[in-house]
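Asker: One file is attached below, query39.pdb, containing PDB, N, CA and C atoms, pLDDT in the B column.
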ATOM      1  N   MET A   1      -6.391 -13.816 -13.877  1.00 68.00           N
ATOM      2  CA  MET A   1      -5.261 -13.030 -13.432  1.00 68.00           C
ATOM      3  C   MET A   1      -5.258 -12.917 -11.909  1.00 68.00           C
ATOM      4  N   ARG A   2      -6.388 -12.777 -11.314  1.00 74.00           N
ATOM      5  CA  ARG A   2      -6.426 -12.657  -9.846  1.00 74.00           C
ATOM      6  C   ARG A   2      -5.906 -13.910  -9.167  1.00 74.00           C
ATOM      7  N   ARG A   3      -6.205 -15.058  -9.742  1.00 83.00           N
ATOM      8  CA  ARG A   3      -5.756 -16.323  -9.153  1.00 83.00           C
ATOM      9  C   ARG A   3      -4.263 -16.525  -9.305  1.00 83.00           C
ATOM     10  N   SER A   4      -3.756 -16.309 -10.512  1.00 87.00           N
ATOM     11  CA  SER A   4      -2.355 -16.615 -10.801  1.00 87.00           C
ATOM     12  C   SER A   4      -1.423 -15.422 -10.629  1.00 87.00           C
ATOM     13  N   GLY A   5      -1.973 -14.201 -10.665  1.00 90.00           N
ATOM     14  CA  GLY A   5      -1.139 -13.012 -10.543  1.00 90.00           C
ATOM     15  C   GLY A   5      -0.518 -12.561 -11.856  1.00 90.00           C
ATOM     16  N   PHE A   6      -0.871 -13.213 -12.944  1.00 96.00           N
ATOM     17  CA  PHE A   6      -0.379 -12.807 -14.256  1.00 96.00           C
ATOM     18  C   PHE A   6      -1.418 -13.155 -15.313  1.00 96.00           C
ATOM     19  N   ALA A   7      -1.283 -12.530 -16.460  1.00 97.00           N
ATOM     20  CA  ALA A   7      -2.161 -12.829 -17.591  1.00 97.00           C
ATOM     21  C   ALA A   7      -1.322 -13.407 -18.725  1.00 97.00           C
ATOM     22  N   LEU A   8      -1.935 -14.287 -19.486  1.00 97.00           N
ATOM     23  CA  LEU A   8      -1.268 -14.888 -20.640  1.00 97.00           C
ATOM     24  C   LEU A   8      -2.207 -14.811 -21.828  1.00 97.00           C
ATOM     25  N   ASP A   9      -1.723 -14.244 -22.903  1.00 96.00           N
ATOM     26  CA  ASP A   9      -2.490 -14.132 -24.142  1.00 96.00           C
ATOM     27  C   ASP A   9      -1.752 -14.924 -25.215  1.00 96.00           C
ATOM     28  N   GLN A  10      -2.356 -15.996 -25.654  1.00 96.00           N
ATOM     29  CA  GLN A  10      -1.750 -16.851 -26.681  1.00 96.00           C
ATOM     30  C   GLN A  10      -2.509 -16.678 -27.988  1.00 96.00           C
ATOM     31  N   GLY A  11      -2.261 -15.555 -28.635  1.00 92.00           N
ATOM     32  CA  GLY A  11      -2.846 -15.321 -29.941  1.00 92.00           C
ATOM     33  C   GLY A  11      -4.270 -14.811 -29.938  1.00 92.00           C
ATOM     34  N   ARG A  12      -4.862 -14.507 -28.792  1.00 92.00           N
ATOM     35  CA  ARG A  12      -6.233 -13.999 -28.766  1.00 92.00           C
ATOM     36  C   ARG A  12      -6.305 -12.566 -29.274  1.00 92.00           C
ATOM     37  N   SER A  13      -5.349 -11.729 -28.877  1.00 91.00           N
ATOM     38  CA  SER A  13      -5.357 -10.331 -29.307  1.00 91.00           C
ATOM     39  C   SER A  13      -4.735 -10.141 -30.677  1.00 91.00           C
ATOM     40  N   GLU A  14      -3.669 -10.880 -30.915  1.00 92.00           N
ATOM     41  CA  GLU A  14      -2.950 -10.770 -32.188  1.00 92.00           C
ATOM     42  C   GLU A  14      -2.485 -12.166 -32.582  1.00 92.00           C
ATOM     43  N   ARG A  15      -2.938 -12.647 -33.702  1.00 95.00           N
ATOM     44  CA  ARG A  15      -2.558 -13.984 -34.143  1.00 95.00           C
ATOM     45  C   ARG A  15      -1.038 -14.062 -34.339  1.00 95.00           C
ATOM     46  N   GLY A  16      -0.445 -15.121 -33.822  1.00 96.00           N
ATOM     47  CA  GLY A  16       0.991 -15.321 -33.971  1.00 96.00           C
ATOM     48  C   GLY A  16       1.835 -14.652 -32.901  1.00 96.00           C
ATOM     49  N   VAL A  17       1.167 -14.076 -31.881  1.00 97.00           N
ATOM     50  CA  VAL A  17       1.887 -13.390 -30.807  1.00 97.00           C
ATOM     51  C   VAL A  17       1.440 -13.952 -29.461  1.00 97.00           C
ATOM     52  N   VAL A  18       2.395 -14.174 -28.578  1.00 97.00           N
ATOM     53  CA  VAL A  18       2.129 -14.582 -27.201  1.00 97.00           C
ATOM     54  C   VAL A  18       2.611 -13.463 -26.300  1.00 97.00           C
ATOM     55  N   ALA A  19       1.802 -13.120 -25.292  1.00 97.00           N
ATOM     56  CA  ALA A  19       2.181 -12.072 -24.348  1.00 97.00           C
ATOM     57  C   ALA A  19       1.832 -12.506 -22.933  1.00 97.00           C
ATOM     58  N   ALA A  20       2.689 -12.131 -21.992  1.00 98.00           N
ATOM     59  CA  ALA A  20       2.441 -12.348 -20.566  1.00 98.00           C
ATOM     60  C   ALA A  20       2.527 -10.996 -19.884  1.00 98.00           C
ATOM     61  N   GLY A  21       1.677 -10.776 -18.884  1.00 98.00           N
ATOM     62  CA  GLY A  21       1.676  -9.483 -18.210  1.00 98.00           C
ATOM     63  C   GLY A  21       1.379  -9.613 -16.732  1.00 98.00           C
ATOM     64  N   VAL A  22       1.844  -8.629 -15.981  1.00 98.00           N
ATOM     65  CA  VAL A  22       1.620  -8.553 -14.536  1.00 98.00           C
ATOM     66  C   VAL A  22       1.173  -7.146 -14.180  1.00 98.00           C
ATOM     67  N   PRO A  23       0.474  -6.996 -13.048  1.00 97.00           N
ATOM     68  CA  PRO A  23       0.063  -5.657 -12.627  1.00 97.00           C
ATOM     69  C   PRO A  23       1.204  -4.913 -11.933  1.00 97.00           C
ATOM     70  N   VAL A  24       1.106  -3.598 -11.962  1.00 97.00           N
ATOM     71  CA  VAL A  24       2.007  -2.728 -11.200  1.00 97.00           C
ATOM     72  C   VAL A  24       1.123  -1.939 -10.246  1.00 97.00           C
ATOM     73  N   HIS A  25       1.408  -2.037  -8.955  1.00 96.00           N
ATOM     74  CA  HIS A  25       0.599  -1.383  -7.931  1.00 96.00           C
ATOM     75  C   HIS A  25       1.228  -0.060  -7.489  1.00 96.00           C
ATOM     76  N   GLY A  26       0.373   0.920  -7.221  1.00 96.00           N
ATOM     77  CA  GLY A  26       0.839   2.193  -6.697  1.00 96.00           C
ATOM     78  C   GLY A  26       1.084   2.091  -5.204  1.00 96.00           C
ATOM     79  N   ALA A  27       1.468   3.211  -4.612  1.00 92.00           N
ATOM     80  CA  ALA A  27       1.789   3.249  -3.186  1.00 92.00           C
ATOM     81  C   ALA A  27       0.602   2.836  -2.319  1.00 92.00           C
ATOM     82  N   ASP A  28      -0.615   3.070  -2.801  1.00 93.00           N
ATOM     83  CA  ASP A  28      -1.815   2.718  -2.047  1.00 93.00           C
ATOM     84  C   ASP A  28      -2.304   1.296  -2.314  1.00 93.00           C
ATOM     85  N   GLY A  29      -1.569   0.547  -3.129  1.00 92.00           N
ATOM     86  CA  GLY A  29      -1.925  -0.831  -3.416  1.00 92.00           C
ATOM     87  C   GLY A  29      -2.858  -1.013  -4.598  1.00 92.00           C
ATOM     88  N   VAL A  30      -3.310   0.091  -5.173  1.00 95.00           N
ATOM     89  CA  VAL A  30      -4.201   0.024  -6.330  1.00 95.00           C
ATOM     90  C   VAL A  30      -3.366  -0.179  -7.596  1.00 95.00           C
ATOM     91  N   VAL A  31      -3.874  -0.990  -8.508  1.00 95.00           N
ATOM     92  CA  VAL A  31      -3.166  -1.215  -9.762  1.00 95.00           C
ATOM     93  C   VAL A  31      -3.177   0.074 -10.577  1.00 95.00           C
ATOM     94  N   VAL A  32      -1.968   0.528 -10.945  1.00 96.00           N
ATOM     95  CA  VAL A  32      -1.839   1.772 -11.711  1.00 96.00           C
ATOM     96  C   VAL A  32      -1.327   1.539 -13.130  1.00 96.00           C
ATOM     97  N   ALA A  33      -0.814   0.341 -13.387  1.00 97.00           N
ATOM     98  CA  ALA A  33      -0.261   0.051 -14.709  1.00 97.00           C
ATOM     99  C   ALA A  33      -0.125  -1.456 -14.871  1.00 97.00           C
ATOM    100  N   GLY A  34       0.228  -1.841 -16.056  1.00 97.00           N
ATOM    101  CA  GLY A  34       0.535  -3.223 -16.348  1.00 97.00           C
ATOM    102  C   GLY A  34       1.883  -3.294 -17.045  1.00 97.00           C
ATOM    103  N   LEU A  35       2.553  -4.396 -16.875  1.00 98.00           N
ATOM    104  CA  LEU A  35       3.854  -4.611 -17.499  1.00 98.00           C
ATOM    105  C   LEU A  35       3.777  -5.931 -18.248  1.00 98.00           C
ATOM    106  N   SER A  36       4.157  -5.925 -19.517  1.00 97.00           N
ATOM    107  CA  SER A  36       4.046  -7.155 -20.290  1.00 97.00           C
ATOM    108  C   SER A  36       5.253  -7.348 -21.199  1.00 97.00           C
ATOM    109  N   ALA A  37       5.396  -8.569 -21.638  1.00 97.00           N
ATOM    110  CA  ALA A  37       6.405  -8.922 -22.634  1.00 97.00           C
ATOM    111  C   ALA A  37       5.702  -9.768 -23.678  1.00 97.00           C
ATOM    112  N   SER A  38       6.040  -9.538 -24.927  1.00 97.00           N
ATOM    113  CA  SER A  38       5.427 -10.312 -26.001  1.00 97.00           C
ATOM    114  C   SER A  38       6.495 -10.876 -26.921  1.00 97.00           C
ATOM    115  N   MET A  39       6.099 -11.915 -27.654  1.00 97.00           N
ATOM    116  CA  MET A  39       7.041 -12.578 -28.549  1.00 97.00           C
ATOM    117  C   MET A  39       6.253 -13.286 -29.641  1.00 97.00           C
ATOM    118  N   PRO A  40       6.914 -13.585 -30.747  1.00 97.00           N
ATOM    119  CA  PRO A  40       6.253 -14.398 -31.759  1.00 97.00           C
ATOM    120  C   PRO A  40       5.918 -15.774 -31.167  1.00 97.00           C
ATOM    121  N   SER A  41       4.761 -16.291 -31.483  1.00 96.00           N
ATOM    122  CA  SER A  41       4.346 -17.569 -30.908  1.00 96.00           C
ATOM    123  C   SER A  41       5.297 -18.716 -31.250  1.00 96.00           C
ATOM    124  N   VAL A  42       6.014 -18.615 -32.351  1.00 96.00           N
ATOM    125  CA  VAL A  42       6.953 -19.680 -32.713  1.00 96.00           C
ATOM    126  C   VAL A  42       8.150 -19.730 -31.761  1.00 96.00           C
ATOM    127  N   ARG A  43       8.391 -18.642 -31.011  1.00 95.00           N
ATOM    128  CA  ARG A  43       9.511 -18.631 -30.050  1.00 95.00           C
ATOM    129  C   ARG A  43       9.064 -18.989 -28.643  1.00 95.00           C
ATOM    130  N   TYR A  44       7.753 -19.052 -28.396  1.00 95.00           N
ATOM    131  CA  TYR A  44       7.227 -19.317 -27.060  1.00 95.00           C
ATOM    132  C   TYR A  44       7.319 -20.797 -26.719  1.00 95.00           C
ATOM    133  N   ARG A  45       7.835 -21.060 -25.516  1.00 95.00           N
ATOM    134  CA  ARG A  45       7.852 -22.419 -24.967  1.00 95.00           C
ATOM    135  C   ARG A  45       7.213 -22.365 -23.589  1.00 95.00           C
ATOM    136  N   LYS A  46       6.218 -23.191 -23.370  1.00 95.00           N
ATOM    137  CA  LYS A  46       5.473 -23.172 -22.112  1.00 95.00           C
ATOM    138  C   LYS A  46       6.377 -23.352 -20.896  1.00 95.00           C
ATOM    139  N   ASP A  47       7.447 -24.121 -21.036  1.00 96.00           N
ATOM    140  CA  ASP A  47       8.336 -24.352 -19.896  1.00 96.00           C
ATOM    141  C   ASP A  47       9.104 -23.092 -19.487  1.00 96.00           C
ATOM    142  N   GLN A  48       9.135 -22.085 -20.349  1.00 95.00           N
ATOM    143  CA  GLN A  48       9.816 -20.826 -20.016  1.00 95.00           C
ATOM    144  C   GLN A  48       8.904 -19.832 -19.295  1.00 95.00           C
ATOM    145  N   LEU A  49       7.600 -20.124 -19.243  1.00 96.00           N
ATOM    146  CA  LEU A  49       6.649 -19.192 -18.647  1.00 96.00           C
ATOM    147  C   LEU A  49       6.990 -18.820 -17.198  1.00 96.00           C
ATOM    148  N   PRO A  50       7.333 -19.755 -16.316  1.00 96.00           N
ATOM    149  CA  PRO A  50       7.659 -19.364 -14.942  1.00 96.00           C
ATOM    150  C   PRO A  50       8.824 -18.365 -14.864  1.00 96.00           C
ATOM    151  N   THR A  51       9.834 -18.536 -15.685  1.00 97.00           N
ATOM    152  CA  THR A  51      10.971 -17.616 -15.695  1.00 97.00           C
ATOM    153  C   THR A  51      10.558 -16.245 -16.214  1.00 97.00           C
ATOM    154  N   LEU A  52       9.756 -16.231 -17.268  1.00 97.00           N
ATOM    155  CA  LEU A  52       9.278 -14.969 -17.821  1.00 97.00           C
ATOM    156  C   LEU A  52       8.433 -14.221 -16.801  1.00 97.00           C
ATOM    157  N   VAL A  53       7.509 -14.904 -16.156  1.00 97.00           N
ATOM    158  CA  VAL A  53       6.641 -14.262 -15.166  1.00 97.00           C
ATOM    159  C   VAL A  53       7.467 -13.773 -13.979  1.00 97.00           C
ATOM    160  N   ALA A  54       8.447 -14.538 -13.547  1.00 98.00           N
ATOM    161  CA  ALA A  54       9.311 -14.111 -12.434  1.00 98.00           C
ATOM    162  C   ALA A  54      10.064 -12.834 -12.791  1.00 98.00           C
ATOM    163  N   SER A  55      10.544 -12.743 -14.013  1.00 98.00           N
ATOM    164  CA  SER A  55      11.246 -11.528 -14.453  1.00 98.00           C
ATOM    165  C   SER A  55      10.298 -10.338 -14.491  1.00 98.00           C
ATOM    166  N   LEU A  56       9.101 -10.545 -15.003  1.00 98.00           N
ATOM    167  CA  LEU A  56       8.115  -9.465 -15.030  1.00 98.00           C
ATOM    168  C   LEU A  56       7.749  -9.022 -13.615  1.00 98.00           C
ATOM    169  N   ARG A  57       7.562  -9.973 -12.717  1.00 98.00           N
ATOM    170  CA  ARG A  57       7.215  -9.630 -11.321  1.00 98.00           C
ATOM    171  C   ARG A  57       8.349  -8.864 -10.642  1.00 98.00           C
ATOM    172  N   ALA A  58       9.585  -9.256 -10.887  1.00 98.00           N
ATOM    173  CA  ALA A  58      10.721  -8.557 -10.283  1.00 98.00           C
ATOM    174  C   ALA A  58      10.796  -7.123 -10.799  1.00 98.00           C
ATOM    175  N   THR A  59      10.570  -6.938 -12.073  1.00 98.00           N
ATOM    176  CA  THR A  59      10.590  -5.598 -12.649  1.00 98.00           C
ATOM    177  C   THR A  59       9.424  -4.778 -12.122  1.00 98.00           C
ATOM    178  N   ALA A  60       8.244  -5.388 -12.009  1.00 98.00           N
ATOM    179  CA  ALA A  60       7.085  -4.688 -11.453  1.00 98.00           C
ATOM    180  C   ALA A  60       7.355  -4.278 -10.006  1.00 98.00           C
ATOM    181  N   ALA A  61       7.992  -5.134  -9.237  1.00 97.00           N
ATOM    182  CA  ALA A  61       8.325  -4.809  -7.841  1.00 97.00           C
ATOM    183  C   ALA A  61       9.274  -3.618  -7.769  1.00 97.00           C
ATOM    184  N   ALA A  62      10.237  -3.556  -8.671  1.00 97.00           N
ATOM    185  CA  ALA A  62      11.160  -2.416  -8.703  1.00 97.00           C
ATOM    186  C   ALA A  62      10.415  -1.130  -9.055  1.00 97.00           C
ATOM    187  N   LEU A  63       9.500  -1.211 -10.007  1.00 97.00           N
ATOM    188  CA  LEU A  63       8.691  -0.037 -10.351  1.00 97.00           C
ATOM    189  C   LEU A  63       7.826   0.399  -9.170  1.00 97.00           C
ATOM    190  N   GLU A  64       7.243  -0.567  -8.482  1.00 97.00           N
ATOM    191  CA  GLU A  64       6.408  -0.248  -7.320  1.00 97.00           C
ATOM    192  C   GLU A  64       7.229   0.434  -6.230  1.00 97.00           C
ATOM    193  N   ALA A  65       8.455  -0.029  -6.011  1.00 96.00           N
ATOM    194  CA  ALA A  65       9.334   0.604  -5.024  1.00 96.00           C
ATOM    195  C   ALA A  65       9.624   2.053  -5.411  1.00 96.00           C
ATOM    196  N   ASP A  66       9.844   2.288  -6.689  1.00 94.00           N
ATOM    197  CA  ASP A  66      10.065   3.663  -7.151  1.00 94.00           C
ATOM    198  C   ASP A  66       8.824   4.519  -6.941  1.00 94.00           C
ATOM    199  N   LEU A  67       7.664   3.949  -7.163  1.00 92.00           N
ATOM    200  CA  LEU A  67       6.416   4.707  -6.973  1.00 92.00           C
ATOM    201  C   LEU A  67       6.183   5.059  -5.505  1.00 92.00           C
ATOM    202  N   ARG A  68       6.662   4.202  -4.597  1.00 90.00           N
ATOM    203  CA  ARG A  68       6.529   4.484  -3.159  1.00 90.00           C
ATOM    204  C   ARG A  68       7.491   5.572  -2.716  1.00 90.00           C
ATOM    205  N   GLY A  69       8.527   5.784  -3.518  1.00 84.00           N
ATOM    206  CA  GLY A  69       9.495   6.834  -3.220  1.00 84.00           C
ATOM    207  C   GLY A  69      10.565   6.349  -2.359  1.00 84.00           C
TER     208      GLY A  69
END
Turn this file's structure into C-alpha coordinates for me.
Answerer:
Amino acid sequence: MRRSGFALDQGRSERGVVAAGVPVHGADGVVVAGLSASMPSVRYRKDQLPTLVASLRATAAALEADLRG
(Lines of atoms letter the chains of each structure in order from A and count residues from 1; the text may use other names and numbers.)
(Lines give C-alpha, C1' and ligand atoms only; values in the text may rest on other atoms or scores of the structure.)
Protein backbone atom coordinates (compact mmCIF):
# COMPACT_ATOMS: atom_id res chain seq x y z
CA MET A 1 0.00 0.00 0.00
CA ARG A 2 2.81 2.43 0.74
CA ARG A 3 4.28 1.93 -2.72
CA SER A 4 1.08 2.13 -4.75
CA GLY A 5 -1.07 4.27 -2.44
CA PHE A 6 -3.92 1.76 -2.47
CA ALA A 7 -4.71 -1.75 -1.30
CA LEU A 8 -6.32 -4.52 -3.32
CA ASP A 9 -7.91 -7.60 -1.81
CA GLN A 10 -8.83 -10.29 -4.32
CA GLY A 11 -10.68 -12.83 -2.25
CA ARG A 12 -8.20 -13.01 0.66
CA SER A 13 -10.64 -11.64 3.25
CA GLU A 14 -13.84 -12.95 1.73
CA ARG A 15 -13.97 -15.52 -1.04
CA GLY A 16 -15.73 -14.20 -4.13
CA VAL A 17 -15.23 -10.53 -3.21
CA VAL A 18 -12.72 -8.00 -4.55
CA ALA A 19 -12.07 -4.76 -2.67
CA ALA A 20 -9.85 -1.74 -3.27
CA GLY A 21 -9.08 0.85 -0.61
CA VAL A 22 -7.20 4.09 -0.03
CA PRO A 23 -6.18 5.95 3.12
CA VAL A 24 -7.85 9.11 4.39
CA HIS A 25 -5.47 11.54 6.09
CA GLY A 26 -6.36 13.98 8.85
CA ALA A 27 -5.32 17.62 8.99
CA ASP A 28 -1.95 16.61 10.48
CA GLY A 29 -1.24 14.13 7.68
CA VAL A 30 -1.80 11.06 9.82
CA VAL A 31 -4.07 8.36 8.43
CA VAL A 32 -7.38 8.56 10.29
CA ALA A 33 -9.56 6.29 8.17
CA GLY A 34 -9.75 4.13 5.11
CA LEU A 35 -12.14 4.28 2.18
CA SER A 36 -12.91 1.20 0.13
CA ALA A 37 -15.21 -0.20 -2.50
CA SER A 38 -16.01 -3.87 -2.91
CA MET A 39 -17.71 -5.97 -5.53
CA PRO A 40 -18.37 -9.58 -6.41
CA SER A 41 -15.25 -11.01 -8.04
CA VAL A 42 -17.25 -11.99 -11.13
CA ARG A 43 -17.82 -8.26 -11.83
CA TYR A 44 -14.17 -7.23 -11.32
CA ARG A 45 -12.05 -6.44 -14.37
CA LYS A 46 -8.40 -5.59 -13.85
CA ASP A 47 -8.53 -2.91 -16.55
CA GLN A 48 -11.06 -0.97 -14.43
CA LEU A 49 -8.74 -0.78 -11.40
CA PRO A 50 -7.12 2.58 -12.33
CA THR A 51 -10.56 4.22 -12.66
CA LEU A 52 -11.77 2.72 -9.40
CA VAL A 53 -8.66 3.84 -7.51
CA ALA A 54 -8.90 7.34 -9.03
CA SER A 55 -12.50 7.63 -7.84
CA LEU A 56 -11.56 6.45 -4.35
CA ARG A 57 -8.64 8.91 -4.22
CA ALA A 58 -10.84 11.81 -5.33
CA THR A 59 -13.40 10.98 -2.66
CA ALA A 60 -10.66 10.60 -0.03
CA ALA A 61 -9.27 14.01 -1.04
CA ALA A 62 -12.71 15.58 -0.57
CA LEU A 63 -13.00 13.99 2.87
CA GLU A 64 -9.53 15.23 3.78
CA ALA A 65 -10.49 18.77 2.73
CA ASP A 66 -13.53 18.57 4.99
CA LEU A 67 -11.36 17.37 7.87
CA ARG A 68 -9.04 20.37 7.39
CA GLY A 69 -12.07 22.62 7.70
Asker: Please, which residues of range 8-47 of chain A, numbered as in this document, come out strand (DSSP E or B) from DSSP, as a list in words?
Answerer: Leu8, Asp9, Gln10, Val17, Val18, Ala19, Ala20, Gly21, Val22, Pro23, Val24, His25, Val31, Val32, Ala33, Gly34, Leu35, Ser36, Ala37, Ser38, Met39 and Pro40 of chain A
Asker: For Ser41 in chain A, which of A:Val53, A:Ala7, A:Val17, A:Val24 is the closest residue, counting only C-alpha atoms?
Answerer: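 Checking each of A:Val53, A:Ala7, A:Val17, A:Val24 against Ser41 in chain A, counting only C-alpha atoms, the winner is A:Val17.
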Asker: Applying 7 Å and all atoms listed in the file, which residues near Ala27 in chain A remain after dropping the ones on its own chain fewer than 3 positions away? List them as a PyMOL selection string.
Answerer: chain A and resi 30+64+67-68
Asker: Restricted to N, CA and C atoms, what would the selected residues look like written as a PDB file, in the frame of the given file?
Answerer:
ATOM      1  N   VAL A  30      -3.310   0.091  -5.173  1.00 95.00           N
ATOM      2  CA  VAL A  30      -4.201   0.024  -6.330  1.00 95.00           C
ATOM      3  C   VAL A  30      -3.366  -0.179  -7.596  1.00 95.00           C
ATOM      4  N   GLU A  64       7.243  -0.567  -8.482  1.00 97.00           N
ATOM      5  CA  GLU A  64       6.408  -0.248  -7.320  1.00 97.00           C
ATOM      6  C   GLU A  64       7.229   0.434  -6.230  1.00 97.00           C
ATOM      7  N   LEU A  67       7.664   3.949  -7.163  1.00 92.00           N
ATOM      8  CA  LEU A  67       6.416   4.707  -6.973  1.00 92.00           C
ATOM      9  C   LEU A  67       6.183   5.059  -5.505  1.00 92.00           C
ATOM     10  N   ARG A  68       6.662   4.202  -4.597  1.00 90.00           N
ATOM     11  CA  ARG A  68       6.529   4.484  -3.159  1.00 90.00           C
ATOM     12  C   ARG A  68       7.491   5.572  -2.716  1.00 90.00           C
TER      13      ARG A  68
END
Asker: Skipping near chain neighbours, those fewer than 5 positions away, what residues fall within 9 Å of Leu52 in chain A using only C-alpha atoms, listed as number ranges by chain?
Answerer: A: 20, 37, 57
Asker: Using N, CA and C atoms, can you export the residues from the last selection as a PDB file, in the frame of the given file?
Answerer:
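Produced file again-v7.pdb, reproduced below:
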ATOM      1  N   ALA A  20       2.689 -12.131 -21.992  1.00 98.00           N
ATOM      2  CA  ALA A  20       2.441 -12.348 -20.566  1.00 98.00           C
ATOM      3  C   ALA A  20       2.527 -10.996 -19.884  1.00 98.00           C
ATOM      4  N   ALA A  37       5.396  -8.569 -21.638  1.00 97.00           N
ATOM      5  CA  ALA A  37       6.405  -8.922 -22.634  1.00 97.00           C
ATOM      6  C   ALA A  37       5.702  -9.768 -23.678  1.00 97.00           C
ATOM      7  N   ARG A  57       7.562  -9.973 -12.717  1.00 98.00           N
ATOM      8  CA  ARG A  57       7.215  -9.630 -11.321  1.00 98.00           C
ATOM      9  C   ARG A  57       8.349  -8.864 -10.642  1.00 98.00           C
TER      10      ARG A  57
END
Asker: Distance atom C of Gly26 in chain A-CA of Thr59 in chain A, one decimal place?
Answerer: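 Atom-to-atom, atom C of Gly26 in chain A to CA of Thr59 in chain A, that is 14.3 Å.
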Asker: Residues of chain A in alpha helix (DSSP H) according to DSSP, as a list of chain:residue names?
Answerer: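 In chain A, DSSP puts these residues in alpha helix (DSSP H): A:Leu49, A:Pro50, A:Thr51, A:Leu52, A:Val53, A:Ala54, A:Ser55, A:Leu56, A:Arg57, A:Ala58, A:Thr59, A:Ala60, A:Ala61, A:Ala62, A:Leu63, A:Glu64, A:Ala65, A:Asp66, A:Leu67, A:Arg68.
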Asker: Starting from the PyMOL selection byres (((chain A and resi 5 and name CA) around 10) and name CA), expand the selection into actual residues of this file and give them as an MDAnalysis selection string.
Answerer: chainID A and resid 1:4 6:7 21:23 53 57
Asker: So what do you get for CA of Met39 in chain A versus CA of Ser13 in chain A, distance-wise?
Answerer: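 Going from CA of Met39 in chain A over to CA of Ser13 in chain A, I get 12.6 Å.
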Asker: Return as AutoDock Vina command-line options the centre and edge lengths, in Å with one decimal, of the box along x, y and z that encloses every atom of range 13-26 of chain A in the file, padded by 5 Å per side.
Answerer:
--center_x -1.3 --center_y -6.6 --center_z -19.8 --size_x 18.0 --size_y 27.5 --size_z 39.1
Asker: With only N, CA and C atoms as the basis for distance, which of A:Gly11, A:Ala58, A:Asp66, A:Ala19 is at the shortest distance from Ser38 in chain A?
Answerer: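 Between A:Gly11, A:Ala58, A:Asp66, A:Ala19, the residue approaching Ser38 in chain A most closely is A:Ala19.
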Asker: Is there a way to get, as a ChimeraX atom specification, all residues within 5 Å of the point (5.1, -2.1, -13.6) in file coordinates, counting all atoms listed in the file?
Answerer: /A:24,34-35,60
Asker: Interatomic distance between CA of Ser55 in chain A and CA of Gly16 in chain A?
Answerer: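 That distance, rounded to one decimal, is 22.4 Å.
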Asker: Find, counting only C-alpha atoms, the residue in A:Ala61, A:Gln10, A:Val32, A:Gly69 that gets nearest to Arg45 in chain A.
Answerer: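 Once distances to Arg45 in chain A are computed over only C-alpha atoms, the minimum belongs to A:Gln10.
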